[in-house]
Structure formats: structure tokens, C-alpha cells
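J.: To start, I am sharing the structure in question, which I have written as C-alpha cells.
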Amino acid sequence: GQSYETLMTAPRADLGDSLRKAFRNVDDILNDLGLAVNEGNRRAIRILAYNQTEITPESIARVKAVDEEVQRAFSNMTPKVTLEMIRRNLNPLDMEIEKLNQAAEEIKKEIGGKEEERFQKFLWKLEQNQEISEKERNSYIGIYRLIAQVEKTDGAVIGSLLQQGAEITMHSLLTAVRSGKKGGMDYRVDESFQGVDAVFKNARIDEQIDAAFQQNCVRDVADAVTPEFLREVPQEAWENMTPEEMKEMIFRMQAEHPETAEDTAYAKEQLAEFKEALSASEDVYAFLEQNDLSNSVQNIMAAERILRDPDQVMEQLWNTKGASFDSMQEIKRMKEKLMERFQEALKEPEELAKAQEELAETAEHVMQTMIVEKEDISALDLRELRLMNRQLAICAKRAEEENYLIPMQTGDKMTSVSLRVVRGTKEKGRVDILFRSQIMGKVAASFEAKEHGISGMIATDSEEAKRLLSENLSALGERLSVEEEETADLRVAFVEDLSLSHYSKAGMQEKRVSPKENPSERNPVQTRRLYQIAEGFLHAVQELEESST
């Protein structure tokens, strides 16, 4: 107030003065208050002045934090996110800004893979710039990963530094993340100590406001940082900046150079990807429609891969080359547990659906591990990881309709078993099983449960597999039967040009009764019979393969 009086900048409408004219002296006000002269603080003063609110360091901090949340909301509320909010009965107009941003960012993670997409673009730009050395490339990737790690702490690292009274700079944040990854952050223990989750609970209001503001600035930095920025600004320069200062510098550089040659080239590549998706067959679109999935580029490409080569996703998931030894061991344990889970879950639809969800979660874990740890990761690697993740997310959704993609060890490779349960009336129904293995070749099996028995046809493109199955038909029939008095009429056929995709497409065109519509009306005898057939056949195939090697 004193600064305004002294400088005589109070606007007078009768003289035609305007607030914009008064803003010529904003820098002097900031100097008087001992605050940095930057665009964020200038904007805060303008907002306060427009609303005739007292200008103090505290009011500036508060309005900056709120303004940052509002600006992030404008950025977050894309048409895609807004539509998804409406589908979930969330009304953006009734939500507090902070909660709105939380919901929007959660939806982005679920439907868009935003973090992976921006990292893919970052990697792509690095690969196009031939002037960047291999050493610089590795350094830039490391810096990007650390910034992303700070963002993911959701303010915990910033809060920890504020609690210690440390200066909030990019250097101190990155150091804190590195220390945390090595397993040790120092915590203050006194009479008010309530455990590590409570370290920042008793922070002053102004510290909490500043922490929230700086965390949002870190999110902006993670969204906007580019190899061009890291190359142009020396590391010792940006490391000493606060997140706010680094954000402002990046935004200023973007304003000066709104579109680089790399941006244009990347946009053209994305357009080529869209065109590739548009050329997908009608079967792909029918698959998406049948499973109530949107026609997004990622969904189209994932669906096309599922229909064309379902084995590829399992091979990719089981390949963790490039991860650290500890991560590889952890992922190996997860996969072993997952395989056991599928073996046990084959008896029950609910358990099999849960196992399918766990498979999708494992894929997400593998992708995030490779993003952080694979040193020579490329934009193409990341594109394939994202596609793998999307495929298994789609498979988890398909499990609601009793369509499953099950991992199975065959020889020294992993294969994907497509299992589909088709319910009929009373105790009747059908089980379709498709897979490809090193020993059996391509196999398409269809088993029908009748009132007093089971009939089935097994087609294979391997004469050796036909012989092996034919010799063991009696034992196989016993494995498939639920009741002792049941008869099994099984046949095996050799089909030289067997097409698994043909069987898969035929199944898509078939009208089915959805188990989601009346889950309470499921016939328990029918369920037990159908899943017993599936379990018996897959276990029998594995035993036959083991005995023949």
C-alpha cells in the first residue's frame, strides 16, 4: 500500500487511468518487498491489484499457488479428459480446482499414458539431433528421469527439504531423489515424531502453500523440458534455479521459438502413425466395438497386434534385458507368482479375471522399470512397451466377457493361450482354445459341454502333434470330464495351413450372452464344467510337451 501511495499509482477512472498503466511500477513493488522480479510474481501482483487486495509476500505466495492450479486445470481439461469425467459422473464445474486437477491427472494416467508419451517424444528428439554426443544423450536422459521422479513424489521431496530448512533448487531436489533411491533420507526425530509419513504434517501454512506451488512447477517442467533446453542452458545454471525459475525459462524459450524443426518432424511422424491406424482392417474395429473400446490410435494398434500375433506380447513381457539385476530378480519373482496364479485360477472365472488384471499390472511394472533403468532405451523401445501395456490392459477388460489371454511356458519360450468361454443353456456351453507352441505348432481346439458328455475337435498344423494327441485321447478325455459317467467324444485333425486368426475372427462374429448381464444367474454346474475342460486340456498339453522333450 505504501509503495502505491508513494509512487502515486492508484488508478483513477475519472482521469482515464487504467490498472495496466499502474503496473509500470510492479518491479519496484517487488524490490520493496524483497521478492524476486519474475513473471510469476508480476502476474500475482496484477491479480491482487485487479481485485483491490493487499499486496504482501504472503498474499503473493497464496495467489501464485492458486493461479498455478488454475493454469494446470486449463492444461489438464482436454476434451478427452473432460468427456471421461462426464462418463464418471464428475462435474468439473462443481469441483475445487485442486481436486479437479487430481482427478484429471489420474484420468490422464489411466487413458492416455501421458508420462510415457512425453518421454517417447523426448527420446525421439534426442535421436534426431546428430550434434548431441552419446555422453550428452545419456546425461540428458538421466536428468529427465530424475525430474520425472521428483514429479512422482507428489510434493514429498519438496516437503522434506522445507522441513530441513534447505533451499529449494533443482539441484537440491535431484539430490534428495538420488538419496531416497539409495534408501536413506534423514528424518528429524523429536517429541512430535509420528513416523516417516508424518514428517511434513505440522508444516506452517506458508510452507505448505510454497510446497504445493513448487510441486506444480515441477510438473510443468516435466511436461515441457526438452533436449534443446538442456543443451542450451548449462547444467550449473539450471541446477541453481528453483522449479519456478526453471519453468519460466523453459516457457520463455518456447515463446521465442514456438516450433522447432524437430517438433514439426515429430508431428509428421505422429500423423504417419495415425494414417497407419486408419488403414486397420474392419476386424480390428469390430474387435474394439465388441469390447466397448474407443477408436484411439493406441487401442487400434494394440487390437491389431492382439488379433495378428498374440504371442508377441508375452515374449516382450518376459524379456527384461536392460533392467538392473535387482529389478530382474524382482520381476522374475512376480512372473513366477503370476504363472502359479494362472494355474490355480483356471477353475474359476472370477479368479481368472483377477489373474488377468495382475498380468496387466505386471506389464505396467515392467514398463516403468525399463523406462527408469534401461540405459540404451530408444523411442521405438518405449513405443513397443506402451503398446504391450495397452494390449494387456485390453485383455484385462476382455476378461469381463470370459475372454482370456493366458501365459504358458512351452519349451524355452512363453506363448499366449487365447481362451474363450461361450455359455449356452442349462449345463451346456463351449470352450475355445487357441495357441502356438514350439512342440505342438498351431493348435485350435473347441470343446462342447453337453448334458451327458463332452465332444471336441482339436486341429493342429503339426503331424507330430496330431500323433501325440491321438495316442493320448483316452487320457485326455478323462482329464476333461467332471463326472465319472461322462463320455468324451474327441477328434484330432491335421490342417496344414491352419490359421488361428481365422478361428479368432469367427468367434468375434458369433452372438453371445454376456456373463456381465446376469452374473447371479450363472449356472454353477455349467461354470464348473466349462472351466474344468479348459484347465484339463491346458494341463494335459503341458504334460504331453514335457514328456516329448
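The chains in the C-alpha cells are called A, B, ... from first to last as shown; in each chain the residues are counted from 1, and the ligands are counted from 1 in the order shown.
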Can you list every residue in range 24-217 of chain A that DSSP puts in alpha helix (DSSP H), as JSON, numbers by chain?

T.: {"A": [26, 27, 28, 29, 30, 31, 32, 33, 39, 40, 41, 42, 43, 44, 45, 46, 47, 48, 49, 50, 57, 58, 59, 60, 61, 62, 63, 64, 65, 66, 67, 68, 69, 70, 71, 72, 73, 74, 75, 76, 79, 80, 81, 82, 83, 84, 85, 86, 87, 97, 98, 99, 100, 101, 102, 103, 104, 105, 106, 107, 108, 109, 110, 111, 114, 115, 116, 117, 118, 119, 120, 121, 122, 123, 124, 125, 126, 127, 128, 134, 135, 136, 137, 138, 139, 140, 141, 142, 143, 144, 145, 146, 147, 148, 149, 150, 151, 152, 156, 157, 158, 159, 160, 161, 162, 163, 164, 170, 171, 172, 173, 174, 175, 176, 177, 178, 179, 180, 181, 205, 206, 207, 208, 209, 210, 211, 212, 213, 214, 215, 216, 217]}

J.: List the spatial neighbours of Glu350 in chain A as a compact mmCIF listing (two decimals) with N, CA and C atoms, in the first residue's frame - criterion: any atom at most 12 Å away, only C-alpha atoms, same-chain residues fewer than 3 positions off excluded.

T.:
```txt
# COMPACT_ATOMS: atom_id res chain seq x y z
N PHE A 342 -2.18 -68.23 -12.39
CA PHE A 342 -2.99 -68.67 -13.52
C PHE A 342 -3.31 -70.16 -13.43
N GLU A 344 -3.71 -71.91 -10.77
CA GLU A 344 -4.74 -72.10 -9.75
C GLU A 344 -6.07 -71.49 -10.17
N ALA A 345 -6.01 -70.39 -10.95
CA ALA A 345 -7.21 -69.61 -11.26
C ALA A 345 -8.06 -70.21 -12.37
N LEU A 346 -7.52 -71.21 -13.10
CA LEU A 346 -8.24 -71.76 -14.25
C LEU A 346 -9.59 -72.37 -13.88
N LYS A 347 -9.80 -72.67 -12.60
CA LYS A 347 -11.05 -73.31 -12.20
C LYS A 347 -12.22 -72.33 -12.05
N ALA A 353 -10.19 -63.80 -13.98
CA ALA A 353 -10.27 -62.37 -14.30
C ALA A 353 -9.29 -61.56 -13.45
N LYS A 354 -9.18 -61.93 -12.16
CA LYS A 354 -8.23 -61.24 -11.27
C LYS A 354 -6.79 -61.49 -11.73
N ALA A 355 -6.52 -62.73 -12.13
CA ALA A 355 -5.17 -63.06 -12.62
C ALA A 355 -4.85 -62.25 -13.88
N GLN A 356 -5.87 -62.04 -14.73
CA GLN A 356 -5.67 -61.25 -15.95
C GLN A 356 -5.35 -59.80 -15.60
N GLU A 357 -6.00 -59.26 -14.57
CA GLU A 357 -5.69 -57.91 -14.10
C GLU A 357 -4.26 -57.83 -13.56
N ALA A 396 -7.30 -57.45 -19.95
CA ALA A 396 -7.92 -57.44 -18.62
C ALA A 396 -9.39 -57.05 -18.73
N ALA A 399 -11.62 -59.88 -20.07
CA ALA A 399 -11.89 -60.97 -19.11
C ALA A 399 -13.31 -60.86 -18.55
N GLU A 400 -13.89 -59.66 -18.57
CA GLU A 400 -15.27 -59.48 -18.11
C GLU A 400 -16.23 -60.29 -18.96
N GLU A 401 -15.84 -60.54 -20.22
CA GLU A 401 -16.69 -61.31 -21.14
C GLU A 401 -16.18 -62.74 -21.27
N GLU A 402 -15.38 -63.18 -20.32
CA GLU A 402 -14.82 -64.54 -20.31
C GLU A 402 -13.97 -64.83 -21.55
N TYR A 404 -9.94 -64.64 -22.35
CA TYR A 404 -8.70 -64.53 -21.59
C TYR A 404 -7.48 -64.72 -22.50
N PRO A 515 -21.81 -62.62 -19.80
CA PRO A 515 -21.89 -63.01 -18.39
C PRO A 515 -22.03 -61.81 -17.47
N LYS A 516 -21.75 -60.62 -17.98
CA LYS A 516 -21.87 -59.41 -17.15
C LYS A 516 -23.33 -59.06 -16.89
N PRO A 519 -24.74 -61.97 -13.87
CA PRO A 519 -23.75 -62.84 -13.23
C PRO A 519 -24.34 -63.71 -12.14
N THR A 527 -20.60 -73.60 -15.06
CA THR A 527 -19.32 -72.91 -14.86
C THR A 527 -18.23 -73.91 -14.52
N TYR A 531 -14.92 -74.57 -17.09
CA TYR A 531 -13.57 -74.23 -16.65
C TYR A 531 -12.74 -75.47 -16.34
```

J.: Excluding Gln316 in chain A and any residue of its chain fewer than 2 positions from it, enumerate the residues within 12 Å of it, using only C-alpha atoms, and give them as number ranges by chain.

T.: A: 309-314, 318-321, 363, 366-367, 370, 381-382, 384-389, 391-392, 407, 413-416

J.: Excluding Lys450 in chain A and its own-chain neighbours fewer than 4 positions away, which residues fall within 9 Å of it when counting only C-alpha atoms? Please give them as a PDB file with N, CA and C atoms, in the first residue's frame.

T.:
```pdb
ATOM      1  N   GLU A 427     -26.696 -76.809 -18.601  1.00  0.00           N
ATOM      2  CA  GLU A 427     -25.308 -77.195 -18.328  1.00  0.00           C
ATOM      3  C   GLU A 427     -24.445 -77.146 -19.586  1.00  0.00           C
ATOM      4  N   LYS A 428     -25.028 -76.694 -20.681  1.00  0.00           N
ATOM      5  CA  LYS A 428     -24.300 -76.690 -21.944  1.00  0.00           C
ATOM      6  C   LYS A 428     -23.404 -75.466 -22.067  1.00  0.00           C
ATOM      7  N   GLY A 429     -22.506 -75.544 -23.041  1.00  0.00           N
ATOM      8  CA  GLY A 429     -21.617 -74.425 -23.291  1.00  0.00           C
ATOM      9  C   GLY A 429     -20.426 -74.897 -24.108  1.00  0.00           C
ATOM     10  N   ARG A 430     -19.547 -73.950 -24.430  1.00  0.00           N
ATOM     11  CA  ARG A 430     -18.399 -74.300 -25.263  1.00  0.00           C
ATOM     12  C   ARG A 430     -17.148 -73.578 -24.776  1.00  0.00           C
ATOM     13  N   ILE A 454     -18.996 -84.795 -23.323  1.00  0.00           N
ATOM     14  CA  ILE A 454     -18.217 -83.724 -23.930  1.00  0.00           C
ATOM     15  C   ILE A 454     -17.815 -84.165 -25.332  1.00  0.00           C
ATOM     16  N   SER A 455     -17.934 -83.260 -26.292  1.00  0.00           N
ATOM     17  CA  SER A 455     -17.411 -83.516 -27.635  1.00  0.00           C
ATOM     18  C   SER A 455     -16.398 -82.429 -27.964  1.00  0.00           C
TER      19      SER A 455
END
```

J.: Which residues, written as a PDB file with N, CA and C atoms, in the first residue's frame, have at least one atom at most 12 Å from Glu84 in chain A, with only C-alpha atoms counted and residues fewer than 5 positions away on the same chain left out?

T.:
```pdb
ATOM      1  N   MET A  77      -7.641 -30.032 -18.699  1.00  0.00           N
ATOM      2  CA  MET A  77      -9.006 -30.304 -19.151  1.00  0.00           C
ATOM      3  C   MET A  77      -9.108 -30.355 -20.672  1.00  0.00           C
ATOM      4  N   THR A  78      -8.492 -31.377 -21.235  1.00  0.00           N
ATOM      5  CA  THR A  78      -8.619 -31.618 -22.669  1.00  0.00           C
ATOM      6  C   THR A  78     -10.006 -32.203 -22.942  1.00  0.00           C
ATOM      7  N   PRO A  79     -10.465 -32.165 -24.186  1.00  0.00           N
ATOM      8  CA  PRO A  79     -11.780 -32.763 -24.489  1.00  0.00           C
ATOM      9  C   PRO A  79     -11.881 -34.225 -24.050  1.00  0.00           C
ATOM     10  N   ASN A  89     -19.528 -39.384 -14.038  1.00  0.00           N
ATOM     11  CA  ASN A  89     -20.453 -38.553 -13.243  1.00  0.00           C
ATOM     12  C   ASN A  89     -19.722 -37.530 -12.377  1.00  0.00           C
ATOM     13  N   LEU A  90     -18.609 -37.022 -12.879  1.00  0.00           N
ATOM     14  CA  LEU A  90     -17.890 -35.947 -12.189  1.00  0.00           C
ATOM     15  C   LEU A  90     -18.167 -34.644 -12.935  1.00  0.00           C
ATOM     16  N   ASN A  91     -18.657 -33.644 -12.219  1.00  0.00           N
ATOM     17  CA  ASN A  91     -18.945 -32.364 -12.851  1.00  0.00           C
ATOM     18  C   ASN A  91     -17.805 -31.389 -12.545  1.00  0.00           C
ATOM     19  N   PRO A  92     -16.971 -31.049 -13.539  1.00  0.00           N
ATOM     20  CA  PRO A  92     -15.837 -30.147 -13.311  1.00  0.00           C
ATOM     21  C   PRO A  92     -16.255 -28.800 -12.723  1.00  0.00           C
ATOM     22  N   ALA A 103      -8.158 -35.309 -10.115  1.00  0.00           N
ATOM     23  CA  ALA A 103      -8.994 -36.221 -10.897  1.00  0.00           C
ATOM     24  C   ALA A 103      -8.554 -36.262 -12.359  1.00  0.00           C
ATOM     25  N   ALA A 104      -8.254 -35.084 -12.912  1.00  0.00           N
ATOM     26  CA  ALA A 104      -7.848 -35.011 -14.327  1.00  0.00           C
ATOM     27  C   ALA A 104      -6.535 -35.744 -14.568  1.00  0.00           C
ATOM     28  N   GLU A 105      -5.573 -35.564 -13.654  1.00  0.00           N
ATOM     29  CA  GLU A 105      -4.275 -36.205 -13.835  1.00  0.00           C
ATOM     30  C   GLU A 105      -4.373 -37.716 -13.637  1.00  0.00           C
ATOM     31  N   GLU A 106      -5.267 -38.153 -12.752  1.00  0.00           N
ATOM     32  CA  GLU A 106      -5.486 -39.590 -12.573  1.00  0.00           C
ATOM     33  C   GLU A 106      -6.101 -40.199 -13.834  1.00  0.00           C
ATOM     34  N   ILE A 107      -7.047 -39.481 -14.426  1.00  0.00           N
ATOM     35  CA  ILE A 107      -7.676 -39.957 -15.665  1.00  0.00           C
ATOM     36  C   ILE A 107      -6.657 -40.005 -16.795  1.00  0.00           C
ATOM     37  N   LYS A 108      -5.796 -38.996 -16.861  1.00  0.00           N
ATOM     38  CA  LYS A 108      -4.746 -38.984 -17.892  1.00  0.00           C
ATOM     39  C   LYS A 108      -3.865 -40.218 -17.797  1.00  0.00           C
ATOM     40  N   GLU A 110      -4.705 -43.094 -16.621  1.00  0.00           N
ATOM     41  CA  GLU A 110      -5.474 -44.291 -16.963  1.00  0.00           C
ATOM     42  C   GLU A 110      -5.734 -44.416 -18.459  1.00  0.00           C
ATOM     43  N   ILE A 111      -6.002 -43.291 -19.115  1.00  0.00           N
ATOM     44  CA  ILE A 111      -6.436 -43.385 -20.517  1.00  0.00           C
ATOM     45  C   ILE A 111      -5.406 -42.928 -21.527  1.00  0.00           C
ATOM     46  N   GLY A 112      -4.408 -42.157 -21.061  1.00  0.00           N
ATOM     47  CA  GLY A 112      -3.542 -41.553 -22.059  1.00  0.00           C
ATOM     48  C   GLY A 112      -2.093 -41.969 -22.054  1.00  0.00           C
ATOM     49  N   SER A 294     -12.687 -47.436 -27.193  1.00  0.00           N
ATOM     50  CA  SER A 294     -12.665 -46.294 -28.110  1.00  0.00           C
ATOM     51  C   SER A 294     -11.711 -46.562 -29.268  1.00  0.00           C
TER      52      SER A 294
END
```

J.: Point out the residue among A:Leu100, A:Leu498, A:Ala493, A:Met301 with the least atom-to-atom distance to Ser75 in chain A, counting only C-alpha atoms.

T.: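 Closest to Ser75 in chain A of all the choices is A:Leu100.
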
J.: Using only C-alpha atoms for the distances, tell me which of A:Ser446, A:Asn472, A:Thr264, A:Asn76 is nearest to Asp220 in chain A.

T.: A:Asn76
